[in-house]
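Below is one structure, written out as structure tokens; the observations come after it.
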Amino acid sequence: MSSLPHTKRSFRMAILLAPVLGGVVGLGAFTFHYGEGLSYFSKDPRACANCHIMQSEYDSWTKGPHHGTARCVDCHLPHDFLRKYLAKADNGYRHSKGFTLLDFHEPIQSRPSRTKTARIRSPASTATTRRRWRCASPDRDS
Amino acid sequence: MIGIRALAESAEPTPHLASITRWRAGRREQPYDPNVDGSRQEMRSFVCGQCHVEYYCGPKTTLFFPWRKGLRVEQIEDDYDDTKFPDGHRFYDWTHAETGAEVLKAQHPEFEMWSQGIHARSGVACADCHMPYKREGAAKVSDHWVRSPLTNVARACQTCHPYAEAEIAARVEAIQNRTRALMQRSASALTAMLDVIGEARKAGATDAALAPLRALQRKAQWRLDFVAAENSMGFHAPAEAARILADSIDYSRQAETGARLLAAAPAPAGASR
């Protein structure tokens with residue numbers, strides 16, 4: 001019968017695949033935990049300041065009057081559910097990629113809004129990067 | 001979004017918001033969406049205009065922004081006057097206890113006042129003055145303290161205005177002192193009006209006789225409140241603030257005169273006492 005060797009082969013494949021799959025899932029879970037992945041589902045401003053380059057903005061925001069009424073996401077993300085989580089997903093992907101491969105520009109720069117989901121992007125920009133904004137205002141950039 | 005979309009769909013010129021002008025000239029297949037159509041520089045004001053605007057968010061009807069006719073004080077008033085509660089009653093915020101007038105209450109119309117000023121017309125956004133940049137090493141950081149530009153004249157004003165800090169502060173102070181003085185004049189006129197209308201009412205003036213006076217009170221009080229509730233003491237649009245207060249004083253004095261004439265005239269036959 002051919003069924004026995006076939007089962008045997010599947011079993012061997014499973015034995016081989018298990019550590020690979022387990023490794024991917026385990027490493028993924030560890031990275032997610034270590035990177036405080038869950039915190040990005042919240043609207044806690046401390047999550048935005050996880051990354052040290054936001055420290056200046058975070059510090060001045062805690063000093064200012066807005067910390068009583070508006071958090072980071074109230075100004076920097078769309079308010080409606082779908083667009084908010086789309087923007088979070090987009091940013092999350094880029095952050096993970098950037099901080100894993102460390103391939104982002106130093107000093108960090110804002111990029112043109114491709115998804116057009118964000119209500120306002122990082123205001124940090126120079127004259128040259130501002131030109132790259134798809135929606136840059138012509139009267140400011142001339 | 002509801003407010004700015006209604007503004008875009010109105011015919012009111014908005015020279016300081018070029019994206020609205022562009023959207024109007026286009027095919028209008030999609031409704032105006034500030035997140036899509038707005039320029040980056042406009043977003044630096046729109047983001048503040050999500051809260052720092054005039055709106056009604058009370059128990060009597062659902063949230064709305066009175067921008068369907070434009071952003072000026074009379075246009076907002078017109079919009080409110082045209083708005084009806086679900087029970088059919090004309091829109092009002094509260095009833096004045098002494099005169100019985102149904103009056104309006106301004107929230108914090110910073111975006112609207114800024115829209116009438118020279119800074120808006122010159123393409124200067126809220127964040128330019130209230131969140132000025134500073135350099136930290138190689139990075140530009142915008143100030144998230146978000147406070148009065150007077151606390152940081154060097155970065156908030158002097159990036160455009162090449163004058164001494166004391167000179168700039170003195171200009172702002174002059175504008176704010178003038179606005180403050182006009183507000184005081186306006187408030188004196190308003191209280192004088194309230195007193196005589198209240199007396200006329202006590203003396204038995206009918207609702208019909210009081211109606212034109214109450215209408216003037218609504219106008220006068222709305223204008224004074226619009227400037228007083230706006231958080232720049234006139235600076236966001238100095239000439240506009242002065243114009244609004246001048247109108248307020250005039251409406252108050254018109255109503256005061258009207259109430260005095262009413263008191264002097266013999267009561268019409270059949271008037272309730």
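By convention in this document, the chains of the structure tokens carry letters A, B, ... by their order, each chain's residues are numbered from 1, and ligands are numbered from 1 in the order they are shown.
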Do me a favour and pick out the residues of chain B within 10 Å of chain A, using only C-alpha atoms, as a ChimeraX atom specification. /B:18-19,34-48,50-51,122-124,127,131,133,136-147
For those residues, write N, CA and C atoms to a file as a short mmCIF file (atom, residue, chain, number, x, y, z; two decimals), in the first residue's frame.
```cif
data_model
loop_
_atom_site.label_atom_id
_atom_site.label_comp_id
_atom_site.auth_asym_id
_atom_site.auth_seq_id
_atom_site.Cartn_x
_atom_site.Cartn_y
_atom_site.Cartn_z
N ALA B 18 -7.28 78.16 -0.39
CA ALA B 18 -7.21 77.95 -1.83
C ALA B 18 -7.79 76.61 -2.26
N SER B 19 -7.70 75.60 -1.39
CA SER B 19 -8.17 74.27 -1.80
C SER B 19 -9.69 74.26 -2.00
N PRO B 34 -11.43 67.89 3.61
CA PRO B 34 -10.19 68.57 4.00
C PRO B 34 -8.99 67.63 4.08
N ASN B 35 -9.24 66.34 4.42
CA ASN B 35 -8.13 65.39 4.53
C ASN B 35 -7.54 65.02 3.17
N VAL B 36 -8.35 65.21 2.12
CA VAL B 36 -7.89 64.85 0.78
C VAL B 36 -7.53 66.09 -0.02
N ASP B 37 -8.42 67.10 0.04
CA ASP B 37 -8.25 68.28 -0.81
C ASP B 37 -7.37 69.36 -0.18
N GLY B 38 -7.33 69.39 1.14
CA GLY B 38 -6.61 70.47 1.82
C GLY B 38 -5.11 70.40 1.57
N SER B 39 -4.48 71.57 1.47
CA SER B 39 -3.03 71.58 1.33
C SER B 39 -2.40 71.35 2.70
N ARG B 40 -1.12 71.04 2.70
CA ARG B 40 -0.45 70.79 3.96
C ARG B 40 -0.51 72.03 4.85
N GLN B 41 -0.32 73.20 4.23
CA GLN B 41 -0.35 74.44 5.02
C GLN B 41 -1.74 74.68 5.60
N GLU B 42 -2.79 74.35 4.83
CA GLU B 42 -4.15 74.51 5.35
C GLU B 42 -4.41 73.54 6.51
N MET B 43 -3.84 72.33 6.38
CA MET B 43 -4.01 71.33 7.43
C MET B 43 -3.47 71.85 8.76
N ARG B 44 -2.44 72.69 8.67
CA ARG B 44 -1.83 73.23 9.89
C ARG B 44 -2.76 74.21 10.60
N SER B 45 -3.85 74.59 9.93
CA SER B 45 -4.91 75.37 10.59
C SER B 45 -6.16 74.51 10.82
N PHE B 46 -6.48 73.66 9.83
CA PHE B 46 -7.67 72.81 9.96
C PHE B 46 -7.60 71.94 11.21
N VAL B 47 -6.38 71.49 11.52
CA VAL B 47 -6.23 70.60 12.67
C VAL B 47 -6.69 71.32 13.94
N CYS B 48 -6.47 72.62 14.02
CA CYS B 48 -6.91 73.39 15.19
C CYS B 48 -8.41 73.68 15.08
N GLN B 50 -10.66 71.89 14.21
CA GLN B 50 -11.55 70.78 14.61
C GLN B 50 -12.23 71.09 15.94
N CYS B 51 -11.61 71.93 16.75
CA CYS B 51 -12.21 72.31 18.03
C CYS B 51 -12.38 73.82 18.18
N SER B 122 -2.40 85.98 4.31
CA SER B 122 -1.01 85.86 3.89
C SER B 122 -0.51 84.42 3.94
N GLY B 123 -1.41 83.49 4.20
CA GLY B 123 -1.02 82.08 4.19
C GLY B 123 -0.34 81.61 5.46
N VAL B 124 -0.54 82.35 6.56
CA VAL B 124 0.06 81.94 7.83
C VAL B 124 -0.94 81.07 8.58
N ALA B 127 -0.40 76.96 13.36
CA ALA B 127 0.80 76.32 13.88
C ALA B 127 2.05 77.16 13.65
N MET B 131 2.92 77.10 17.25
CA MET B 131 3.80 75.92 17.40
C MET B 131 5.09 76.16 16.62
N TYR B 133 8.84 76.39 15.14
CA TYR B 133 9.92 75.40 15.09
C TYR B 133 11.11 75.83 15.93
N GLU B 136 16.88 71.19 17.09
CA GLU B 136 17.56 70.40 18.10
C GLU B 136 18.51 69.50 17.36
N GLY B 137 19.76 69.84 17.37
CA GLY B 137 20.73 69.11 16.58
C GLY B 137 20.38 69.28 15.12
N ALA B 138 20.22 68.18 14.42
CA ALA B 138 19.93 68.26 13.00
C ALA B 138 18.44 68.27 12.72
N ALA B 139 17.62 68.12 13.76
CA ALA B 139 16.18 67.97 13.53
C ALA B 139 15.43 69.26 13.87
N LYS B 140 14.36 69.49 13.13
CA LYS B 140 13.46 70.58 13.45
C LYS B 140 12.33 70.03 14.30
N VAL B 141 12.07 70.69 15.42
CA VAL B 141 11.00 70.24 16.31
C VAL B 141 9.99 71.36 16.39
N SER B 142 8.71 71.04 16.20
CA SER B 142 7.71 72.08 16.38
C SER B 142 7.24 72.04 17.84
N ASP B 143 7.07 73.23 18.39
CA ASP B 143 6.74 73.37 19.80
C ASP B 143 5.33 72.84 20.08
N HIS B 144 5.24 71.78 20.86
CA HIS B 144 3.92 71.21 21.16
C HIS B 144 3.34 71.77 22.46
N TRP B 145 3.98 72.81 22.98
CA TRP B 145 3.44 73.49 24.15
C TRP B 145 2.17 74.25 23.74
N VAL B 146 2.16 74.77 22.52
CA VAL B 146 1.01 75.46 21.93
C VAL B 146 0.46 76.55 22.85
N ARG B 147 1.10 77.69 22.82
CA ARG B 147 0.67 78.77 23.72
C ARG B 147 0.73 80.10 22.99
#
```
Which residues are close to Ile20 (chain B), i.e. within 8 Å by only C-alpha atoms, leaving aside same-chain residues fewer than 2 positions away? Reply as a list in words.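 Final neighbour list, sorted by chain and number: Ala8, Thr14, Leu17, Ala18, Arg22, Trp23, Arg24, Tyr32, Asp37 and Gly38 of chain B.
Near region 189-194 of chain B, within a cut-off of 7 Å and counting only C-alpha atoms, sit the residues Thr99, Arg185, Ser186, Ile197, Gly198, Ile249, Ser252, Arg253, Ala255 and Glu256 of chain B, with same-chain residues fewer than 3 positions away left out.
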Would you pick out the contacts of His96 (chain B) at 10 Å or less, using only C-alpha atoms, so that residues sharing its chain but fewer than 5 positions from it are not included, and give the list as a ChimeraX atom specification? /B:101-104,194,198,214,217-218
